[in-house]
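Source file: query.tsv (TSV, C-alpha atoms)
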```
chain	number	residue	atom	x	y	z
A	1	MET	CA	8.38	3.51	13.10
A	2	LEU	CA	5.26	1.39	13.31
A	3	GLY	CA	4.25	-0.65	10.34
A	4	GLU	CA	7.43	-0.06	8.34
A	5	THR	CA	9.83	-2.17	10.39
A	6	GLY	CA	9.93	-5.61	11.91
A	7	ASP	CA	8.08	-4.48	15.01
A	8	SER	CA	6.20	-6.96	17.17
A	9	ASP	CA	2.54	-7.70	16.56
A	10	PRO	CA	-0.40	-7.21	18.93
A	11	PRO	CA	-1.35	-10.18	21.11
A	12	GLN	CA	-4.18	-11.18	18.79
A	13	ALA	CA	-1.67	-11.62	15.98
A	14	ALA	CA	0.95	-13.55	17.94
A	15	GLU	CA	0.35	-16.66	15.86
A	16	GLN	CA	1.49	-14.72	12.82
A	17	ALA	CA	4.66	-13.29	14.39
A	18	SER	CA	7.09	-15.52	12.53
A	19	GLN	CA	5.64	-14.64	9.14
A	20	GLN	CA	5.41	-10.93	9.97
A	21	ASN	CA	8.95	-10.57	11.30
A	22	SER	CA	10.35	-12.22	8.20
A	23	GLU	CA	8.75	-9.51	6.07
A	24	GLY	CA	6.46	-11.89	4.27
A	25	ALA	CA	8.28	-15.20	3.89
A	26	GLU	CA	5.56	-16.36	1.52
A	27	GLY	CA	6.99	-13.88	-0.96
A	28	LYS	CA	9.35	-16.62	-2.11
A	29	LYS	CA	6.47	-18.72	-3.46
A	30	THR	CA	5.31	-18.44	-7.01
A	31	ALA	CA	1.97	-19.33	-8.50
A	32	THR	CA	3.17	-22.92	-8.76
A	33	GLY	CA	4.51	-23.03	-5.22
A	34	THR	CA	8.17	-23.17	-6.24
A	35	THR	CA	11.01	-20.82	-5.37
A	36	THR	CA	12.45	-18.47	-7.98
A	37	THR	CA	15.81	-16.76	-8.01
A	38	SER	CA	16.15	-13.27	-6.63
A	39	PRO	CA	15.19	-10.31	-8.83
A	40	GLY	CA	18.40	-8.68	-7.65
A	41	HIS	CA	20.36	-10.82	-10.07
A	42	GLU	CA	20.54	-9.82	-13.69
A	43	GLY	CA	18.24	-11.82	-15.93
A	44	ALA	CA	16.45	-13.49	-13.02
A	45	PRO	CA	12.66	-13.59	-13.15
A	46	PRO	CA	10.74	-11.70	-10.47
A	47	LYS	CA	8.94	-13.53	-7.70
A	48	PHE	CA	5.20	-13.78	-8.25
A	49	VAL	CA	2.86	-14.62	-5.39
A	50	ALA	CA	-0.77	-15.41	-6.17
A	51	PRO	CA	-3.00	-15.64	-3.09
A	52	SER	CA	-5.30	-18.45	-4.22
A	53	SER	CA	-2.37	-20.62	-5.29
A	54	TYR	CA	-0.84	-21.15	-1.87
A	55	LEU	CA	-3.44	-20.16	0.70
A	56	ARG	CA	-6.21	-22.50	-0.36
A	57	PRO	CA	-7.03	-24.91	-3.21
A	58	LEU	CA	-9.29	-23.60	-5.91
A	59	SER	CA	-12.86	-24.76	-5.49
A	60	ARG	CA	-15.09	-25.59	-8.42
A	61	GLU	CA	-16.85	-22.26	-8.23
A	62	THR	CA	-13.59	-20.27	-8.32
A	63	GLN	CA	-11.77	-22.22	-11.06
A	64	PRO	CA	-10.16	-19.82	-13.57
A	65	GLU	CA	-12.20	-19.18	-16.67
A	66	THR	CA	-10.92	-19.38	-20.20
A	67	HIS	CA	-9.09	-16.43	-21.69
A	68	THR	CA	-12.19	-15.30	-23.56
A	69	GLN	CA	-14.11	-15.17	-20.29
A	70	MET	CA	-11.63	-12.90	-18.53
A	71	GLN	CA	-13.12	-9.64	-19.82
A	72	MET	CA	-13.88	-7.27	-16.95
A	73	PRO	CA	-17.55	-6.26	-16.66
A	74	MET	CA	-18.53	-2.66	-16.13
A	75	ARG	CA	-18.64	-1.76	-12.46
A	76	GLY	CA	-21.93	-2.79	-11.00
A	77	ALA	CA	-22.77	-5.05	-13.96
A	78	GLN	CA	-24.21	-8.50	-13.29
A	79	VAL	CA	-22.18	-11.50	-14.46
A	80	MET	CA	-24.74	-14.17	-15.23
A	81	GLY	CA	-23.92	-17.56	-13.78
A	82	SER	CA	-20.84	-16.35	-11.93
A	83	ARG	CA	-22.33	-16.80	-8.46
A	84	PRO	CA	-24.27	-19.78	-7.21
A	85	GLY	CA	-27.22	-19.38	-4.89
A	86	THR	CA	-30.91	-18.70	-5.00
A	87	ARG	CA	-31.96	-15.11	-5.58
A	88	GLN	CA	-34.33	-13.54	-3.10
A	89	GLY	CA	-35.35	-9.96	-3.69
A	90	GLY	CA	-32.64	-9.59	-6.34
A	91	LEU	CA	-29.85	-10.80	-4.01
A	92	THR	CA	-27.95	-14.07	-4.09
A	93	GLY	CA	-26.67	-15.86	-1.03
A	94	PHE	CA	-23.22	-14.49	-1.83
A	95	ASP	CA	-24.64	-10.95	-1.94
A	96	ARG	CA	-26.18	-11.25	1.50
A	97	GLU	CA	-23.10	-12.93	2.96
A	98	GLN	CA	-20.87	-10.25	1.47
A	99	ARG	CA	-22.94	-7.49	3.06
A	100	GLU	CA	-22.94	-9.19	6.44
A	101	GLY	CA	-19.16	-9.48	6.28
A	102	LEU	CA	-18.80	-5.78	5.47
A	103	ARG	CA	-21.19	-4.81	8.27
A	104	ALA	CA	-19.13	-6.84	10.75
A	105	ILE	CA	-15.89	-5.17	9.67
A	106	ARG	CA	-17.38	-1.67	9.90
A	107	ALA	CA	-18.84	-2.39	13.32
A	108	PHE	CA	-15.45	-3.64	14.49
A	109	LEU	CA	-13.66	-0.52	13.21
A	110	LYS	CA	-16.15	1.71	15.02
A	111	VAL	CA	-15.58	0.15	18.45
A	112	ARG	CA	-11.81	-0.29	18.27
A	113	THR	CA	-9.42	2.64	18.56
A	114	SER	CA	-6.24	3.46	16.70
A	115	TYR	CA	-4.37	2.74	19.93
A	116	ASP	CA	-5.61	-0.87	19.78
A	117	VAL	CA	-3.63	-1.48	16.60
A	118	LEU	CA	-0.28	-0.68	18.21
A	119	PRO	CA	1.98	-3.66	18.98
A	120	LEU	CA	3.29	-4.36	22.47
A	121	SER	CA	6.62	-2.79	21.58
A	122	TYR	CA	7.73	-0.59	18.72
A	123	ARG	CA	10.12	2.20	17.87
A	124	LEU	CA	9.19	5.64	16.63
A	125	ILE	CA	11.57	7.80	14.62
A	126	ILE	CA	10.70	11.49	14.31
A	127	PHE	CA	12.58	14.00	12.18
A	128	ASP	CA	13.05	17.63	13.14
A	129	THR	CA	12.19	19.91	10.23
A	130	SER	CA	15.63	21.51	10.46
A	131	LEU	CA	17.30	18.21	9.49
A	132	LEU	CA	19.06	18.03	6.13
A	133	VAL	CA	17.20	16.03	3.50
A	134	LYS	CA	20.35	14.02	2.77
A	135	LYS	CA	20.69	12.97	6.42
A	136	SER	CA	17.02	12.05	6.67
A	137	LEU	CA	17.40	9.74	3.66
A	138	ASN	CA	20.40	8.02	5.21
A	139	ILE	CA	18.46	7.46	8.45
A	140	LEU	CA	15.50	5.96	6.59
A	141	LEU	CA	17.78	3.52	4.80
A	142	GLN	CA	19.72	2.60	7.94
A	143	CYS	CA	16.53	1.95	9.90
A	144	GLY	CA	14.73	0.16	7.08
A	145	ILE	CA	11.71	2.50	7.09
A	146	VAL	CA	10.02	4.51	4.36
A	147	SER	CA	8.33	7.34	6.29
A	148	ALA	CA	8.64	9.38	9.48
A	149	PRO	CA	6.61	12.08	11.29
A	150	LEU	CA	8.02	15.61	11.20
A	151	TRP	CA	8.38	17.84	14.23
A	152	ASP	CA	8.81	21.61	14.32
A	153	SER	CA	11.00	22.23	17.37
A	154	LYS	CA	10.48	25.98	17.18
A	155	THR	CA	6.75	25.71	17.76
A	156	SER	CA	6.75	22.26	19.41
A	157	THR	CA	4.09	21.03	16.99
A	158	PHE	CA	3.54	18.14	14.63
A	159	ALA	CA	4.59	19.29	11.15
A	160	GLY	CA	3.39	16.50	8.88
A	161	LEU	CA	4.66	13.20	7.55
A	162	LEU	CA	7.78	12.62	5.47
A	163	THR	CA	7.28	9.88	2.86
A	164	VAL	CA	9.02	8.52	-0.21
A	165	SER	CA	6.85	10.86	-2.30
A	166	ASP	CA	8.70	13.84	-0.85
A	167	TYR	CA	12.05	12.53	-2.11
A	168	ILE	CA	10.49	11.84	-5.50
A	169	ASN	CA	9.15	15.41	-5.59
A	170	LEU	CA	12.64	16.65	-4.79
A	171	ILE	CA	14.09	14.62	-7.66
A	172	GLN	CA	11.41	15.99	-9.99
A	173	TYR	CA	12.24	19.54	-8.92
A	174	TYR	CA	15.95	19.20	-9.63
A	175	TRP	CA	15.23	17.52	-12.95
A	176	GLN	CA	13.26	20.65	-13.89
A	177	ASN	CA	15.96	22.92	-12.40
A	178	PRO	CA	19.31	21.22	-13.09
A	179	ASP	CA	21.27	24.35	-12.15
A	180	ALA	CA	20.08	23.93	-8.55
A	181	LEU	CA	21.38	20.37	-8.21
A	182	GLY	CA	24.49	21.55	-6.39
A	183	GLN	CA	22.33	22.85	-3.53
A	184	ILE	CA	20.65	19.53	-2.81
A	185	ASP	CA	23.03	18.54	0.00
A	186	GLN	CA	22.15	21.76	1.90
A	187	PHE	CA	18.42	21.36	1.49
A	188	LYS	CA	16.41	20.99	4.73
A	189	LEU	CA	13.12	19.29	5.43
A	190	ASN	CA	11.41	22.58	6.34
A	191	SER	CA	11.78	23.69	2.71
A	192	LEU	CA	9.82	20.79	1.21
A	193	ARG	CA	6.70	22.91	0.85
A	194	GLU	CA	8.62	25.25	-1.47
A	195	ILE	CA	9.44	22.27	-3.65
A	196	GLU	CA	5.79	21.18	-3.73
A	197	ARG	CA	4.63	24.61	-4.79
A	198	ALA	CA	7.33	24.85	-7.45
A	199	ILE	CA	6.33	21.63	-9.21
A	200	GLY	CA	2.59	21.90	-8.48
A	201	VAL	CA	2.02	18.71	-6.48
A	202	ASN	CA	0.05	17.91	-3.35
A	203	THR	CA	1.43	19.37	-0.13
A	204	ILE	CA	3.13	17.23	2.48
A	205	GLU	CA	0.74	14.99	4.42
A	206	THR	CA	-0.46	16.69	7.63
A	207	VAL	CA	-3.45	14.51	8.45
A	208	SER	CA	-3.37	13.00	11.94
A	209	ILE	CA	-5.71	11.58	14.57
A	210	HIS	CA	-5.91	11.14	18.33
A	211	PRO	CA	-4.93	7.57	19.31
A	212	LEU	CA	-8.20	6.99	21.18
A	213	ARG	CA	-10.44	7.92	18.26
A	214	PRO	CA	-12.19	5.00	16.48
A	215	LEU	CA	-10.28	3.16	13.78
A	216	TYR	CA	-13.18	3.87	11.43
A	217	GLU	CA	-12.45	7.58	11.71
A	218	ALA	CA	-8.73	7.03	11.10
A	219	CYS	CA	-9.53	5.05	7.95
A	220	THR	CA	-11.93	7.73	6.74
A	221	ARG	CA	-9.35	10.48	7.22
A	222	MET	CA	-6.72	8.50	5.33
A	223	LEU	CA	-9.05	7.90	2.40
A	224	GLN	CA	-10.07	11.56	2.28
A	225	ALA	CA	-6.44	12.68	2.31
A	226	ARG	CA	-5.31	9.86	-0.03
A	227	ALA	CA	-2.77	8.98	2.65
A	228	ARG	CA	-1.44	5.45	3.15
A	229	ARG	CA	-0.55	6.01	6.81
A	230	ILE	CA	-1.66	8.34	9.60
A	231	PRO	CA	0.27	9.63	12.64
A	232	LEU	CA	-1.34	9.34	16.07
A	233	VAL	CA	-1.02	12.71	17.83
A	234	ASP	CA	-1.94	13.23	21.48
A	235	VAL	CA	-1.71	16.24	23.81
A	236	ASP	CA	0.46	16.20	26.92
A	237	ASP	CA	-1.70	16.77	30.00
A	238	GLU	CA	0.90	18.92	31.76
A	239	THR	CA	2.30	21.06	28.97
A	240	GLN	CA	-0.75	20.97	26.69
A	241	ARG	CA	1.63	20.45	23.79
A	242	GLU	CA	1.23	17.98	20.97
A	243	MET	CA	3.17	14.74	21.00
A	244	VAL	CA	3.41	12.08	18.32
A	245	VAL	CA	2.56	8.68	19.80
A	246	SER	CA	3.01	6.42	16.79
A	247	LEU	CA	2.06	5.82	13.19
A	248	VAL	CA	-0.62	3.51	11.78
A	249	THR	CA	-0.58	2.23	8.20
A	250	GLN	CA	-3.34	0.91	5.98
A	251	TYR	CA	-1.56	-2.43	5.93
A	252	ARG	CA	-1.52	-2.73	9.72
A	253	ILE	CA	-5.21	-1.80	9.98
A	254	LEU	CA	-6.22	-4.36	7.35
A	255	LYS	CA	-4.07	-7.00	9.00
A	256	PHE	CA	-5.64	-6.15	12.37
A	257	VAL	CA	-9.05	-6.69	10.76
A	258	SER	CA	-8.05	-9.96	9.11
A	259	VAL	CA	-6.72	-11.37	12.40
A	260	ASN	CA	-9.67	-10.30	14.58
A	261	VAL	CA	-12.77	-10.29	12.36
A	262	LYS	CA	-13.70	-13.83	11.34
A	263	GLU	CA	-16.43	-12.42	9.09
A	264	THR	CA	-13.76	-11.55	6.50
A	265	GLN	CA	-14.29	-15.19	5.48
A	266	MET	CA	-17.76	-14.17	4.29
A	267	LEU	CA	-16.35	-11.92	1.54
A	268	LYS	CA	-16.61	-14.60	-1.15
A	269	LYS	CA	-17.58	-12.56	-4.18
A	270	PRO	CA	-14.80	-12.49	-6.80
A	271	LEU	CA	-13.16	-9.24	-7.82
A	272	ARG	CA	-14.84	-9.43	-11.22
A	273	ASP	CA	-18.18	-8.78	-9.49
A	274	LEU	CA	-16.97	-5.92	-7.27
A	275	PRO	CA	-16.40	-2.19	-7.95
A	276	ILE	CA	-12.85	-2.37	-6.67
A	277	GLY	CA	-9.44	-1.81	-8.22
A	278	THR	CA	-8.17	0.12	-11.25
A	279	TYR	CA	-8.49	-1.50	-14.67
A	280	THR	CA	-8.24	1.37	-17.14
A	281	ASP	CA	-5.71	4.08	-17.95
A	282	LEU	CA	-2.97	2.19	-16.11
A	283	ALA	CA	0.52	3.65	-15.96
A	284	THR	CA	3.00	1.12	-17.39
A	285	ALA	CA	6.64	1.00	-18.47
A	286	ARG	CA	9.11	-1.34	-20.15
A	287	MET	CA	12.41	-2.68	-18.83
A	288	GLU	CA	14.28	-0.22	-21.04
A	289	THR	CA	12.22	2.79	-19.91
A	290	PRO	CA	14.45	5.39	-18.20
A	291	VAL	CA	13.95	5.66	-14.44
A	292	MET	CA	13.20	9.37	-14.73
A	293	ASP	CA	10.31	8.63	-17.09
A	294	VAL	CA	8.88	6.25	-14.48
A	295	ILE	CA	9.34	8.89	-11.77
A	296	HIS	CA	7.46	11.41	-13.92
A	297	GLN	CA	4.52	9.00	-14.02
A	298	LEU	CA	4.63	8.46	-10.25
A	299	VAL	CA	4.49	12.24	-9.66
A	300	LYS	CA	1.97	13.09	-12.37
A	301	ARG	CA	-0.52	10.39	-11.37
A	302	ASN	CA	0.21	10.46	-7.62
A	303	ILE	CA	0.66	6.68	-7.57
A	304	SER	CA	3.05	4.37	-5.74
A	305	CYS	CA	3.95	1.85	-8.44
A	306	VAL	CA	4.25	1.33	-12.19
A	307	PRO	CA	3.92	-2.20	-13.64
A	308	ILE	CA	6.73	-3.22	-15.99
A	309	LEU	CA	5.51	-5.08	-19.09
A	310	ASP	CA	7.04	-6.68	-22.15
A	311	LYS	CA	5.94	-5.74	-25.66
A	312	ASP	CA	3.04	-8.20	-25.47
A	313	GLY	CA	1.63	-6.78	-22.21
A	314	THR	CA	2.92	-9.58	-19.98
A	315	LEU	CA	3.77	-8.52	-16.45
A	316	LEU	CA	7.51	-8.75	-15.82
A	317	ASN	CA	7.98	-6.71	-12.66
A	318	VAL	CA	6.73	-3.65	-10.76
A	319	PHE	CA	8.69	-0.47	-10.17
A	320	GLU	CA	7.69	0.86	-6.74
A	321	ALA	CA	8.16	4.33	-5.31
A	322	VAL	CA	10.36	2.88	-2.57
A	323	ASP	CA	12.80	1.69	-5.26
A	324	VAL	CA	13.75	5.33	-5.81
A	325	ILE	CA	15.33	5.88	-2.38
A	326	VAL	CA	17.68	2.93	-2.96
A	327	LEU	CA	18.90	4.60	-6.15
A	328	ILE	CA	19.77	7.91	-4.47
A	329	LYS	CA	21.31	6.62	-1.25
A	330	GLY	CA	24.62	8.24	-0.46
A	331	GLY	CA	23.75	11.16	-2.73
A	332	ASP	CA	24.52	9.17	-5.90
A	333	TYR	CA	22.00	10.69	-8.29
A	334	GLU	CA	23.74	9.25	-11.36
A	335	LYS	CA	21.77	6.02	-10.91
A	336	LEU	CA	18.64	7.92	-11.86
A	337	ASN	CA	19.96	7.68	-15.43
A	338	LEU	CA	19.56	3.89	-15.37
A	339	SER	CA	16.78	2.01	-17.12
A	340	ALA	CA	13.95	0.63	-15.00
A	341	GLY	CA	15.22	-2.92	-15.53
A	342	LYS	CA	18.75	-2.08	-14.37
A	343	ALA	CA	17.39	-0.18	-11.38
A	344	LEU	CA	15.32	-3.17	-10.27
A	345	GLU	CA	18.45	-5.33	-10.27
A	346	LEU	CA	19.66	-3.24	-7.31
A	347	ARG	CA	16.92	-4.61	-5.06
A	348	SER	CA	18.10	-6.66	-2.10
A	349	ASP	CA	18.01	-10.44	-2.27
A	350	ASP	CA	15.28	-10.57	0.38
A	351	PHE	CA	12.80	-8.61	-1.75
A	352	PRO	CA	9.49	-10.34	-0.86
A	353	GLY	CA	8.11	-10.53	-4.38
A	354	ILE	CA	5.26	-9.22	-6.51
A	355	TYR	CA	1.85	-10.13	-5.14
A	356	THR	CA	-0.66	-10.95	-7.85
A	357	CYS	CA	-4.27	-12.03	-8.12
A	358	THR	CA	-6.87	-12.56	-10.84
A	359	VAL	CA	-10.39	-11.25	-11.21
A	360	ASN	CA	-11.53	-14.69	-9.97
A	361	ASP	CA	-9.88	-14.22	-6.57
A	362	ARG	CA	-12.07	-13.26	-3.64
A	363	LEU	CA	-11.61	-10.73	-0.86
A	364	ASP	CA	-11.59	-13.46	1.80
A	365	THR	CA	-8.51	-14.95	0.14
A	366	ILE	CA	-6.91	-11.51	-0.20
A	367	PHE	CA	-7.49	-10.78	3.50
A	368	ASP	CA	-5.80	-14.11	4.24
A	369	THR	CA	-2.84	-12.96	2.17
A	370	ILE	CA	-2.65	-9.70	4.12
A	371	ARG	CA	-2.78	-11.64	7.39
A	372	LYS	CA	0.11	-13.89	6.38
A	373	SER	CA	2.36	-11.52	4.41
A	374	ARG	CA	3.37	-7.88	4.21
A	375	VAL	CA	1.37	-6.86	1.16
A	376	HIS	CA	1.08	-3.28	-0.12
A	377	ARG	CA	-0.78	-3.97	-3.37
A	378	LEU	CA	-1.77	-6.79	-5.70
A	379	VAL	CA	-1.29	-6.69	-9.45
A	380	ILE	CA	-4.27	-8.18	-11.25
A	381	ILE	CA	-3.31	-10.51	-14.09
A	382	ASP	CA	-4.95	-13.25	-16.15
A	383	GLU	CA	-3.78	-16.85	-16.52
A	384	ALA	CA	-1.23	-15.74	-19.15
A	385	LYS	CA	0.21	-13.08	-16.77
A	386	GLN	CA	-1.23	-10.31	-18.91
A	387	LEU	CA	-1.79	-7.13	-16.90
A	388	LYS	CA	-5.46	-6.48	-16.14
A	389	GLY	CA	-5.38	-4.00	-13.27
A	390	VAL	CA	-3.98	-2.97	-9.90
A	391	LEU	CA	-5.58	-3.52	-6.50
A	392	SER	CA	-4.20	-1.22	-3.79
A	393	LEU	CA	-4.79	-1.32	-0.05
A	394	SER	CA	-6.61	2.00	-0.48
A	395	ASP	CA	-8.99	0.27	-2.89
A	396	ILE	CA	-9.69	-2.47	-0.34
A	397	LEU	CA	-10.20	0.05	2.45
A	398	GLU	CA	-12.45	2.24	0.29
A	399	TYR	CA	-14.64	-0.72	-0.67
A	400	THR	CA	-14.77	-2.04	2.89
A	401	LEU	CA	-15.87	1.29	4.35
A	402	ASN	CA	-17.92	2.91	1.60
A	403	SER	CA	-19.52	0.31	-0.66
A	404	PRO	CA	-23.34	0.51	-0.40
A	405	LEU	CA	-25.04	-2.15	1.69
A	406	GLY	CA	-28.60	-1.38	0.66
A	407	ASP	CA	-29.62	-0.17	4.13
A	408	GLU	CA	-30.95	3.35	4.54
A	409	GLY	CA	-28.53	5.43	6.57
A	410	GLU	CA	-25.90	2.68	6.57
A	411	GLN	CA	-22.26	3.78	6.75
```

Taking this structure as input, can you express it in the form of structure tokens?
Amino acid sequence: MLGETGDSDPPQAAEQASQQNSEGAEGKKTATGTTTTSPGHEGAPPKFVAPSSYLRPLSRETQPETHTQMQMPMRGAQVMGSRPGTRQGGLTGFDREQREGLRAIRAFLKVRTSYDVLPLSYRLIIFDTSLLVKKSLNILLQCGIVSAPLWDSKTSTFAGLLTVSDYINLIQYYWQNPDALGQIDQFKLNSLREIERAIGVNTIETVSIHPLRPLYEACTRMLQARARRIPLVDVDDETQREMVVSLVTQYRILKFVSVNVKETQMLKKPLRDLPIGTYTDLATARMETPVMDVIHQLVKRNISCVPILDKDGTLLNVFEAVDVIVLIKGGDYEKLNLSAGKALELRSDDFPGIYTCTVNDRLDTIFDTIRKSRVHRLVIIDEAKQLKGVLSLSDILEYTLNSPLGDEGEQ
């Protein structure tokens, strides 16, 4: 399963192999550069990783502002004095450099194919749709992956992508229909669509792309489908039947860009000046919030994480969708009655940490973080660790591909 395991990196990323194979060793660094205890132990603080704190020293122009200056502007609003440089035609030097960086990334994505992202060696795990859901969960846990392509052996066709969201939908269904809980061990993957219809959620991901199509097209399809990964599906020349070649994730694409496109260093505008990330109507929970309440939020909002705050709004931890499959391994659904705090104590000791940033951090620094560590999102906080927003890989990809550059006909 590409992108979800410790697979090897492409030749261009060989210098990063040690960090990648350790699943983000930098996850053990906090904002002060020290090591915290594991969140798997009761009462232990979570690991926080702030990109600007360990990747580069803060320059004068990116020094954190005071608490009263941390208010987020409206998207597209101008922050006076926040960017140095002489304005020409309404643009600062940072504006022009930012646009050139984005143009370079888009041009790169249009000439490289999805096949180019694949490492030299990898494993691919595909589930037949006749497989029991319980067995598929056990395989995911044993292999350390969180998704797998589905295959319909009756029609010899690609049948979609199994993700953590499908298990969460199943949990939601049995919470609404407790009398059917006894049937869960006999439930098969080919019945997942019935579950989706019953609880009124999005259908199982079926988006795919040919491995020789441009990466730009793969990214566009993922954004349109709100998918975080996309299977590469080819056609056998002899049988003319579909075959799944591999799987490409948003993380692997962004890392591929960060390793190969030096112009990512031109993205020096801080987040506070960019229309990127989510800052309002955030889903949150407390340590004592029941796990099922958190799951309801994940399903209702179609999101992959819920920040855990204290009563003052300080970030304590993040409950991720992948935390759910650990709770139900072995068919032990009683753990779903735990609080969010108790559930997070079940994480393994090698949990990489919670990646954070502030509105003063820049995309060049964030791309550096993606290059060095396995990052799936960054939680935006202020200097007091108060929650301000969430920056997902989808947000970064959306901005990189679709933010206007001011050129007529520019994509």

Around all listed atoms of range 288-298 of chain A, padded 8 Å per side, what centre and edge lengths does the axis-aligned box have in Å to one decimal, as AutoDock Vina command-line options?
```
--center_x 9.5 --center_y 5.6 --center_z -15.6 --size_x 25.9 --size_y 27.6 --size_z 26.8
```

Do you have, as JSON lines, the list of residues of range 219-317 of chain A lying at most 8 Å from range 356-360 of chain A, each with its nearest atom pair and that distance in Å to one decimal, counting all atoms listed in the file and ordered by chain then number?
```
{"residue": "A:Pro270", "atom": "CA", "partner": "A:Asn360", "partner_atom": "CA", "distance": 5.1}
{"residue": "A:Leu271", "atom": "CA", "partner": "A:Val359", "partner_atom": "CA", "distance": 4.8}
{"residue": "A:Arg272", "atom": "CA", "partner": "A:Val359", "partner_atom": "CA", "distance": 4.8}
```

Excluding range 327-330 of chain A and any residue of its chain fewer than 3 positions from it, enumerate the residues within 9 Å of it, using all atoms listed in the file, and give them as a ChimeraX atom specification.
/A:134,137-138,141,323-324,333-336,343,346

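When only C-alpha atoms are used to compute distances to Ala384 in chain A, the closest of the residues A:Leu91, A:Leu397, A:Leu316, A:Leu247 turns out to be A:Leu316.
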
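Each of A:Ser136, A:Gln224, A:Gln98, A:Thr249 was checked against Arg374 in chain A using all atoms listed in the file; the smallest atom-to-atom distance is that of A:Thr249.
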
For Phe319 in chain A, list every protein, DNA or RNA residue within 7 Å, evaluated using only C-alpha atoms, and leave out those in the same chain fewer than 3 positions away; present the list as number ranges by chain.
A: 305-308, 323

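Computed from the coordinates, the CA of Gln142 in chain A to CA of Met292 in chain A distance equals 24.5 Å.
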
Shell around Leu150 in chain A at 9 Å using only C-alpha atoms, local window under 4 positions removed, as a JSON list (two decimals) with C-alpha atoms, in the coordinates of the input:
```
[["chain", "number", "residue", "atom", "x", "y", "z"],
["A", 126, "ILE", "CA", 10.70, 11.49, 14.31],
["A", 127, "PHE", "CA", 12.58, 14.00, 12.18],
["A", 128, "ASP", "CA", 13.05, 17.63, 13.14],
["A", 129, "THR", "CA", 12.19, 19.91, 10.23],
["A", 157, "THR", "CA", 4.09, 21.03, 16.99],
["A", 158, "PHE", "CA", 3.54, 18.14, 14.63],
["A", 159, "ALA", "CA", 4.59, 19.29, 11.15],
["A", 160, "GLY", "CA", 3.39, 16.50, 8.88],
["A", 161, "LEU", "CA", 4.66, 13.20, 7.55],
["A", 162, "LEU", "CA", 7.78, 12.62, 5.47],
["A", 189, "LEU", "CA", 13.12, 19.29, 5.43]]
```

Show me a table, sorted first by chain and then by increasing residue number, of the residues of range 220-291 of chain A having an atom at most 10 Å from range 107-114 of chain A, each with its shortest atom pair and the distance in Å to one decimal, counting all atoms listed in the file and written as a Markdown table.
```
| residue | atom | partner | partner_atom | distance |
| --- | --- | --- | --- | --- |
| A:Ile230 | CA | A:Ser114 | CA | 9.8 |
| A:Pro231 | CA | A:Ser114 | CA | 9.8 |
| A:Leu232 | CA | A:Ser114 | CA | 7.7 |
| A:Ser246 | CA | A:Ser114 | CA | 9.7 |
| A:Leu247 | CA | A:Ser114 | CA | 9.3 |
| A:Val248 | CA | A:Ser114 | CA | 7.5 |
| A:Ile253 | CA | A:Ser114 | CA | 8.6 |
| A:Phe256 | CA | A:Leu109 | CA | 9.8 |
| A:Val257 | CA | A:Phe108 | CA | 8.0 |
| A:Asn260 | CA | A:Phe108 | CA | 8.8 |
| A:Val261 | CA | A:Phe108 | CA | 7.5 |
```

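For the atom pair formed by CA of Pro290 in chain A and CA of Leu338 in chain A, the distance is 6.0 Å, given to one decimal.
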
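CA of Arg221 in chain A is positioned 15.2 Å from CA of Leu254 in chain A.
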
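Of the listed residues A:Leu282, A:Thr314, A:Leu309, A:Val146, the one whose atoms come nearest to Glu383 in chain A is A:Thr314, with distances taken using all atoms listed in the file.
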
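If you measure from each of A:Lys268, A:Arg226, A:Arg96, A:Arg123 to Thr365 in chain A using only C-alpha atoms, the closest one turns out to be A:Lys268.
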
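Nearest to Ile366 in chain A of all the residues A:Ser392, A:Glu217, A:Gly406, A:Tyr279 is A:Ser392, counting only C-alpha atoms.
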
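With distances restricted to all atoms listed in the file, A:Gln172 is the closest residue to Asp293 in chain A from A:Thr206, A:Thr220, A:Ser156, A:Gln172.
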
Do you know which residues are at most 9 Å from Ser165 in chain A counting all atoms listed in the file, after dropping those on the same chain fewer than 2 positions away, and could you put them as a ChimeraX atom specification?
/A:162-163,167-170,204,298-299,302,304,321-322

With a distance cut-off of 12 Å and all atoms listed in the file, select the neighbouring residues of Asn177 in chain A, excluding the residue or stretch itself and same-chain residues fewer than 5 positions from it, and output the selection as a PyMOL selection string.
chain A and resi 170-172+182-184+195+198-199

Write the selection just made, keeping C-alpha atoms, as a PDB file, in the coordinates of the input?
```
ATOM      1  CA  LEU A 170      12.640  16.650  -4.790  1.00  0.00           C
ATOM      2  CA  ILE A 171      14.090  14.620  -7.660  1.00  0.00           C
ATOM      3  CA  GLN A 172      11.410  15.990  -9.990  1.00  0.00           C
ATOM      4  CA  GLY A 182      24.490  21.550  -6.390  1.00  0.00           C
ATOM      5  CA  GLN A 183      22.330  22.850  -3.530  1.00  0.00           C
ATOM      6  CA  ILE A 184      20.650  19.530  -2.810  1.00  0.00           C
ATOM      7  CA  ILE A 195       9.440  22.270  -3.650  1.00  0.00           C
ATOM      8  CA  ALA A 198       7.330  24.850  -7.450  1.00  0.00           C
ATOM      9  CA  ILE A 199       6.330  21.630  -9.210  1.00  0.00           C
TER      10      ILE A 199
END
```
